[in-house]
Each structure stands twice: as structure tokens, then as C-alpha cells.
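**Student:** A single structure is presented below for examination.
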Amino acid sequence: MAPPTVRRAPYKDFLQPAFHRRFSSTATVILAIAYLESVLLAKWNSYLWTWFPIGPAGIRTFFIFLCGLFVLILRIAQYHVGIRISNSGLETVQQHALKLQTLEAVVSYVLSSWLFSQTYLGAVPSSANLDWITYFNGDRPRLNEKPIFFTVHFIILGIYQAVSHIYYDQDRLTLGVAKPRKEGKAGAVDTGSQLKKFGEQLPAIFRDSLSISLVTVVLSAVIYPIFLRSMVWGLALSMFRPFYSITHVNLVPPTLPFTFWLLLRCISSTFMLSFIWLSGNTAFSILLTRDPIKNTKPLTSDSKDPNGSLLNGLKSKKLPVKCFAMWELGLIACDFDVRRKAIYEDIDRKDGPVWAQVFRVCLEVIKEMETNIDNYGKVPTPAPATEANSSADGRFSEEVQRGIQAPKNESIEIKSSKNAFRAEVEKYVDKLARDPSRASRLDDVGKAAGEAKQKLLEMRNQLAVSDDPQYPFQQYIRNILSSPVGWPLRQDYSRRLTAAVFGAPYGEPSLFVNATVALSQLAVRSLQEDKYGNVQRDVATIIRSLTSVTQKLDTFKNSLPFHWTDVQKHRSCPEVEIVLEALRDGLSELVLNFEPYRRDLRLSLTDMRLAREAIGVAETAVEPTPQAKRAAKPPAPEMQELR
């Protein structure tokens, strides 16, 4: 009887529970902040009910927690890994302005801010004069404009924060990279250290919350009286008239609702809500990007088939799953010898040994950068034609070729067709093909197109000239590009380089770094742990591939020209430099450990020389000193120890 097959659990079955645990930790942080703010909003007329959770404090905590939960759900729905690839800020706006995700961000932040404003209005005492309806000496009820301005201010705050959320791409998760662990240093990162990291970000959260408060209050004080006051006042009257005997006159009050205490309350309440938003976003970004480690073991260690689940993640089409799986593979290659040996020894699989599959996946990821560089600037190839279209095009081209080869003075016989209409169409097409004036018309069109192209090239060259007094318009354009107004139009060197190297729509540098670390460390550790010797067959391919990619990436990075809109001209790109450094480190490890076995691995001297050049180590043929020669000589026979 054949042994029962073990079900290979998908990698997402281990990643999603880890996300749920980290989401719960983030929600706990938001709940704690909501409770503290609820206590601050208490009226302090009772020692017990001011802080007791089952009571007014608990109700306020629930609604304030919902304000943070709106943003937390938004982060879960829209999280992604990788840099948004675009050549300029304007291109980024074109890509994301009309997307559904942008609308979801605006709705989430506006609902959150509106709910917080109503919670705050319900918590403040009557002495704050923020009731919707006021009475003066028994007079008929009047609509109070102060809570109207307060609510509109929070709606403006929600729109402002949603735009900031999209602009700074706060949905991105910045993943870590695997590094060889130093002796005596722990490799796993626990929740306590992550919370400590969150605590280190609190001063920045305080500062940003205060700046958001000041900016949005000033913005609301300008926008409300100029654009929104009359419209919002009429809308509020129509909402309250069915419930209160309010005057039917829709005239706005003669004085603005701004007072010092109202603006101060706007600043303080905006600070409280901004603090919840920023704390939730920061905690989410920190906790969800923890190492793929569970109980000091790799995430897939609980699987019945750990290597199979890891391979499932490495081959996933979803970028987040693939990035986390590659991160786990890098950690295994650096820190977990048991899992490393399992990769070397797992050879009986349907798709080949585990090492062979890992080797192929990592090499494809690394060579993807080389492919992106080769395809940069090229027109994308059209989709392949269907079989029917290709056969029809073939018949058409053959008939056209026969028509071109036929003498001009001889008539071309057209076989009689059952369809007379088809015969007439073929005659008309043949007449157009033989029209002598057609060539001249095409020549005129081509000439006009060439002149227009030349004019455009001249205009671009005028703008690209650095400092030529003959072109004052060029200097005017450069002044605009240097200002904040021209930022969306600038195509910076860093943006263009990341677009060329990583590809669209998102490029995650950690994926390429972890693939390089995993491949190089697995190859180096195989010298001691690979008892079957499967890895040594691929070491030469790894060294040649890393050498080729490193040289091409370094050459492309140094030779990519500046765009004429790039007025800063800074040839720096941290994301690409991190990948390039990882390639050189991995290649240097391979060269250092496998150079003694160069001949057995069929690596030529040229291969080693190119690898050293890619690393940046120049080979110098320096004559050794006499002292070095004497030190290099073996000891005399009488001094050698005999065993």
C-alpha cells in the first residue's frame, strides 16, 4: 500500500494567522489610546465614573476606538509592499487619483473625523457653548454656528489626512532583510522589542499631530467663511427645522463663529484624533513587518511539509506573499541550520529537489532586474496574434507580394468569385495600390512629420541646455521646476532608476536583497552541510549570474542620463544602492569561500577576475617583498612535525 500523501499547506495559511495576531496587537494599542483620551474628555464630576470602563468612559472609549478602527480597516484592505513606480509626481497622481482605493481612503477618514467630532461635542459641558441649539432668555431656539464650524473643520481634516495618506503612500509595508547573524546575537524579534520601537516613534507622532492641528485649523478658518458658510448654514437649518421652531430666515449670522476658545478646542481635539490616526498607522507598519518568525522558529515550521509550504510562498503570484516567503528563506539560510539541512536533503519531490527549486526561484528574481534594465525604454511588444488572424495575414501578404512583383503594364488576373461584391472590393483596393499619386502624398505626409519631429527636438534641446543666455525661456522653465509648484513635473534620477530596475507597478527592494542573501548563504553553508553535494553543481552558475547582474546594474546606475526636468541632478538612489550592496556582499562571500575549488567548479580565471571587478576589488600584480617570499616558503624538512 502506498504511503499517504501529505497535504502541502499554502504559505498564506501561515501568513494570515500571523497577520491576525499582529492586527490584534495594533488594535490593542489603539484601544489603550482611546481609553486615555476618553478619560481626558470626562467632566470630572465623579471620581468613579470618570475612569470606570462600564459607564460614560466606556461608551466614549468605544466611539473613539471606532475612529481609529476605520483607518485600521483601511490599512488592512489596501496594504501593499514595494515602492510605487512612476517617473514623476504627476504620473503618480494620474495613476492613483481616480482609483477606488483613493475614494475609500477619503470616505474612511471623513467618517472617522465626523464620528470623533460628534463624540467630542457630546462629551464637552454646556459651558463650552457647543450645543447645536441655544436659547437666550426664553427666546425661541436658535441654531448655533459654532458646532457647525467645528463639524466642518473635522470634515476638512478628514479630507486633508486622506490626501496625505495617499500622497505619502502610508499603505506601504517596508519589509526587512535577512543578514548573517553575529555570534551571541538573537535572530528573532519579539513583540516587546516592536512595542519599544513604537515607543521611540512617539515624539515624532506628537510633533506631527501638533503640526496637523495647526495647519488644518488655519485651513478651515480660511475655507469655511469664503466657500462653505452659506451652504452649510442653509443645510443645517433644513435639518433642524423639523424638530425645532427655528426662524425661516436663511441669512447667516452677521458675525463669524471664531473665538479664541473655539479655535483652542479645535486644535486640542484635532491633536487627539491625529494622535490616534498616526499611532495606529505607525503601530500597524511596525507590527505587521515583524520577521516571519513564530516562537523563535520560521513561520512554516508548524507545517507538516515545511519545505513544501515555503516553496508555495516563493512561487506565489502575489507580491506580499512572495516577499515574506523570500524573507523567511533568507532567515533560514542565515540562522536556522536545521531547516537549512532539510533543504539540502529534501531531494525526492515531483518538481525536483528543494534546492533546485529554490535555486531557480531566487535566480529568476535576481535576473528580473537584468531583464527590466534590458527592456527599459523599449516599446512593449504587441500581443501575439491568433491563429486565424495570422493565417489571414499570411494570405494577404502573399497576394500583396504577388501584386508587387507583377509587371506594371500587365494586367493582373483576378479569379472569379462567387461573391460579386468581394470582386469589386478587390478591384478597388488594387486600383488604390497602383495609384501613382499615392506615393507623392505619402512623401508629403512623411516630410511634414519629419519637420514637426525636428521642431520638437529643437525645443527639447533648448530646455535641456544648462545656462545659455540665448534661451531665456529655458531659465524661466527651470525656475518653475525648482519651485514647489514644479515638483510634480520633475522626473528625478531616483524615480527613473527605480522604475527601470524594479519594474511596475510596485518594486520591493527587500525581495531582491533576500533572494541574493538566501542564494549566497545557502551556497556557502553547503560546504559544511550539504552531504549529497547537490549545491556545488550550481555554484558556477550563481557566481556568473551575480557577476553579470552586478556589472549591469552598476553600469546602468552610473550611465543613466539625467532628465531635462531634473534640476537637482543628484545621482543617488538608496533603494537601488541597497540591492547593489547586497549583490556585492553575496558575491564576495562566494568568491572568498569557493576560490580554492575553482577548477573543480569549472570556473575560469576570467570568471574570477570579472567577479572581483564586480565586487570592486582590483587585482594588482605586485611583486611580493623578500619578507613575504620567505614567509610563504614551507618550513625546512627538519622543522616539520611528523605525525
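Each chain in the C-alpha cells gets a letter, A, B and so on, in the order shown; residues start at 1 in every chain, and ligands are counted from 1 in the order they appear.
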With the cut-off set at 8 Å and counting only C-alpha atoms, tabulate each residue of stretch 86-163 of chain A with an atom at most that distance from an atom of stretch 229-242 of chain A, showing the nearest atom pair and its distance in Å to one decimal, ordered by chain and increasing number, as a tab-separated table.
**Tutor:**
```
residue	atom	partner	partner_atom	distance
A:Leu143	CA	A:Leu237	CA	7.3
A:Glu145	CA	A:Trp233	CA	7.7
A:Ile148	CA	A:Val232	CA	7.7
```
**Student:** Those residues with N, CA and C atoms, as an mmCIF file, in the first residue's frame please?
**Tutor:**
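Below is the file selection.cif, written as the result:
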```
data_model
loop_
_atom_site.group_PDB
_atom_site.id
_atom_site.type_symbol
_atom_site.label_atom_id
_atom_site.label_comp_id
_atom_site.auth_asym_id
_atom_site.auth_seq_id
_atom_site.Cartn_x
_atom_site.Cartn_y
_atom_site.Cartn_z
ATOM 1 N N LEU A 143 -30.190 78.388 16.039
ATOM 2 C CA LEU A 143 -29.130 77.474 15.606
ATOM 3 C C LEU A 143 -27.775 78.081 15.935
ATOM 4 N N GLU A 145 -23.875 78.399 15.417
ATOM 5 C CA GLU A 145 -22.945 78.182 14.301
ATOM 6 C C GLU A 145 -21.630 77.559 14.750
ATOM 7 N N ILE A 148 -21.376 73.924 14.041
ATOM 8 C CA ILE A 148 -21.336 73.742 12.583
ATOM 9 C C ILE A 148 -19.908 73.896 12.077
#
```
**Student:** Using DSSP assignments from the backbone, pull out every residue in stretch 219-317 of chain A that falls under helix (DSSP H, G or I) and give it to me as JSON, numbers by chain.
**Tutor:** {"A": [219, 220, 221, 222, 223, 224, 225, 226, 227, 228, 229, 230, 231, 232, 233, 234, 235, 236, 237, 238, 239, 240, 260, 261, 262, 263, 264, 265, 266, 267, 268, 269, 270, 271, 272, 273, 274, 275, 276, 277, 278, 279, 280, 281, 282, 283, 284, 285, 286, 287, 299, 300, 301, 302, 306, 307, 308, 309, 310, 311, 312, 313, 314]}
**Student:** Would you mind exporting the chosen residues as a PDB file, in the first residue's frame, restricted to C-alpha atoms?
**Tutor:**
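Dumped everything to out14.pdb:
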```
ATOM      1  CA  LEU A 219      -7.109  75.916   6.554  1.00  0.00           C
ATOM      2  CA  SER A 220     -10.628  75.619   7.962  1.00  0.00           C
ATOM      3  CA  ALA A 221     -10.639  79.239   9.133  1.00  0.00           C
ATOM      4  CA  VAL A 222      -9.914  80.289   5.540  1.00  0.00           C
ATOM      5  CA  ILE A 223     -12.103  77.840   3.610  1.00  0.00           C
ATOM      6  CA  TYR A 224     -15.215  77.915   5.798  1.00  0.00           C
ATOM      7  CA  PRO A 225     -16.209  81.628   5.597  1.00  0.00           C
ATOM      8  CA  ILE A 226     -15.233  82.021   1.930  1.00  0.00           C
ATOM      9  CA  PHE A 227     -16.617  78.874   0.300  1.00  0.00           C
ATOM     10  CA  LEU A 228     -18.783  76.857   2.681  1.00  0.00           C
ATOM     11  CA  ARG A 229     -20.502  79.063   5.237  1.00  0.00           C
ATOM     12  CA  SER A 230     -23.741  79.971   3.470  1.00  0.00           C
ATOM     13  CA  MET A 231     -24.232  76.490   2.007  1.00  0.00           C
ATOM     14  CA  VAL A 232     -23.586  74.664   5.281  1.00  0.00           C
ATOM     15  CA  TRP A 233     -25.746  77.114   7.251  1.00  0.00           C
ATOM     16  CA  GLY A 234     -28.713  76.522   4.963  1.00  0.00           C
ATOM     17  CA  LEU A 235     -28.208  72.756   5.127  1.00  0.00           C
ATOM     18  CA  ALA A 236     -28.112  72.816   8.936  1.00  0.00           C
ATOM     19  CA  LEU A 237     -31.308  74.900   9.098  1.00  0.00           C
ATOM     20  CA  SER A 238     -33.146  72.427   6.870  1.00  0.00           C
ATOM     21  CA  MET A 239     -32.045  69.547   9.113  1.00  0.00           C
ATOM     22  CA  PHE A 240     -33.124  71.106  12.439  1.00  0.00           C
ATOM     23  CA  PHE A 260     -10.180  82.097  20.896  1.00  0.00           C
ATOM     24  CA  TRP A 261     -11.611  79.268  22.979  1.00  0.00           C
ATOM     25  CA  LEU A 262     -13.282  77.635  19.990  1.00  0.00           C
ATOM     26  CA  LEU A 263     -10.053  77.640  17.982  1.00  0.00           C
ATOM     27  CA  LEU A 264      -8.207  76.294  21.005  1.00  0.00           C
ATOM     28  CA  ARG A 265     -10.719  73.449  21.303  1.00  0.00           C
ATOM     29  CA  CYS A 266     -10.355  72.749  17.587  1.00  0.00           C
ATOM     30  CA  ILE A 267      -6.586  72.488  17.963  1.00  0.00           C
ATOM     31  CA  SER A 268      -6.741  70.228  21.022  1.00  0.00           C
ATOM     32  CA  SER A 269      -9.425  67.913  19.618  1.00  0.00           C
ATOM     33  CA  THR A 270      -7.663  67.719  16.249  1.00  0.00           C
ATOM     34  CA  PHE A 271      -4.480  66.783  18.077  1.00  0.00           C
ATOM     35  CA  MET A 272      -6.298  63.946  19.859  1.00  0.00           C
ATOM     36  CA  LEU A 273      -7.738  62.483  16.660  1.00  0.00           C
ATOM     37  CA  SER A 274      -4.497  62.921  14.712  1.00  0.00           C
ATOM     38  CA  PHE A 275      -2.633  61.174  17.509  1.00  0.00           C
ATOM     39  CA  ILE A 276      -4.941  58.154  17.169  1.00  0.00           C
ATOM     40  CA  TRP A 277      -4.514  58.069  13.386  1.00  0.00           C
ATOM     41  CA  LEU A 278      -0.748  58.404  13.411  1.00  0.00           C
ATOM     42  CA  SER A 279      -0.333  55.968  16.293  1.00  0.00           C
ATOM     43  CA  GLY A 280      -2.479  53.380  14.536  1.00  0.00           C
ATOM     44  CA  ASN A 281      -0.619  53.785  11.256  1.00  0.00           C
ATOM     45  CA  THR A 282       2.771  53.614  12.949  1.00  0.00           C
ATOM     46  CA  ALA A 283       1.876  50.585  15.068  1.00  0.00           C
ATOM     47  CA  PHE A 284       0.420  48.824  12.031  1.00  0.00           C
ATOM     48  CA  SER A 285       3.530  49.451   9.936  1.00  0.00           C
ATOM     49  CA  ILE A 286       5.862  48.298  12.728  1.00  0.00           C
ATOM     50  CA  LEU A 287       3.977  45.252  13.992  1.00  0.00           C
ATOM     51  CA  LEU A 299       6.845  30.666  10.180  1.00  0.00           C
ATOM     52  CA  THR A 300       6.376  27.405   8.235  1.00  0.00           C
ATOM     53  CA  SER A 301       7.952  25.186  10.907  1.00  0.00           C
ATOM     54  CA  ASP A 302       4.489  24.124  12.137  1.00  0.00           C
ATOM     55  CA  PRO A 306       7.653  22.943   5.845  1.00  0.00           C
ATOM     56  CA  ASN A 307       9.688  22.975   2.644  1.00  0.00           C
ATOM     57  CA  GLY A 308       6.593  22.486   0.501  1.00  0.00           C
ATOM     58  CA  SER A 309       4.755  25.368   2.171  1.00  0.00           C
ATOM     59  CA  LEU A 310       7.813  27.592   1.783  1.00  0.00           C
ATOM     60  CA  LEU A 311       8.082  26.726  -1.914  1.00  0.00           C
ATOM     61  CA  ASN A 312       4.395  27.543  -2.314  1.00  0.00           C
ATOM     62  CA  GLY A 313       5.064  31.034  -0.981  1.00  0.00           C
ATOM     63  CA  LEU A 314       8.177  31.521  -3.111  1.00  0.00           C
TER      64      LEU A 314
END
```
**Student:** As an exercise, work out the distance from atom CA of A:Leu587 to atom CA of A:Arg537 in Å and give it to one decimal place.
**Tutor:**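 Between atom CA of A:Leu587 and atom CA of A:Arg537 the gap works out to 16.7 Å.
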**Student:** Need to verify the contact set: A:Leu519, 9 Å, only C-alpha atoms, exclusion of same-chain residues closer than 3 positions in sequence. Can you return it as a list of chain:residue names?
**Tutor:**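 After dropping sequence-adjacent residues, the list is A:Gly330, A:Ala333, A:Val358, A:Phe359, A:Cys362, A:Leu363, A:Asn514, A:Ala515, A:Thr516, A:Leu522, A:Ala523, A:Val524, A:Ile542, A:Gly586.
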**Student:** Skipping near chain neighbours, those fewer than 5 positions away, what residues fall within 10 Å of A:Phe336 using only C-alpha atoms, listed as JSON, numbers by chain?
**Tutor:** {"A": [187, 296, 297, 298, 329, 330, 331, 341]}
**Student:** Using only C-alpha atoms, which residue out of A:Thr541, A:Gln491, A:Thr119, A:Asn593 lies closest to A:Ser526?
**Tutor:**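 Nearest candidate to A:Ser526 out of A:Thr541, A:Gln491, A:Thr119, A:Asn593: A:Asn593.
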**Student:** What gap, in Å, lies between atom CA of A:Phe154 and atom CA of A:Thr134?
**Tutor:**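 Between atom CA of A:Phe154 and atom CA of A:Thr134 the gap works out to 21.7 Å.
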**Student:** Residues at most 9 Å from A:Leu121, counting only C-alpha atoms, excluding those fewer than 4 positions away in the same chain, as a tab-separated table (two decimals) with C-alpha atoms, in the first residue's frame?
**Tutor:**
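The resulting file, part.tsv, is reproduced below:
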```
chain	number	residue	atom	x	y	z
A	116	PHE	CA	-14.94	61.91	16.58
A	117	SER	CA	-16.36	65.42	16.25
A	125	PRO	CA	-20.08	70.53	29.10
A	130	LEU	CA	-21.08	73.99	21.64
A	131	ASP	CA	-24.74	72.91	21.75
A	147	PRO	CA	-20.74	73.32	16.32
A	150	PHE	CA	-16.47	72.51	14.45
```
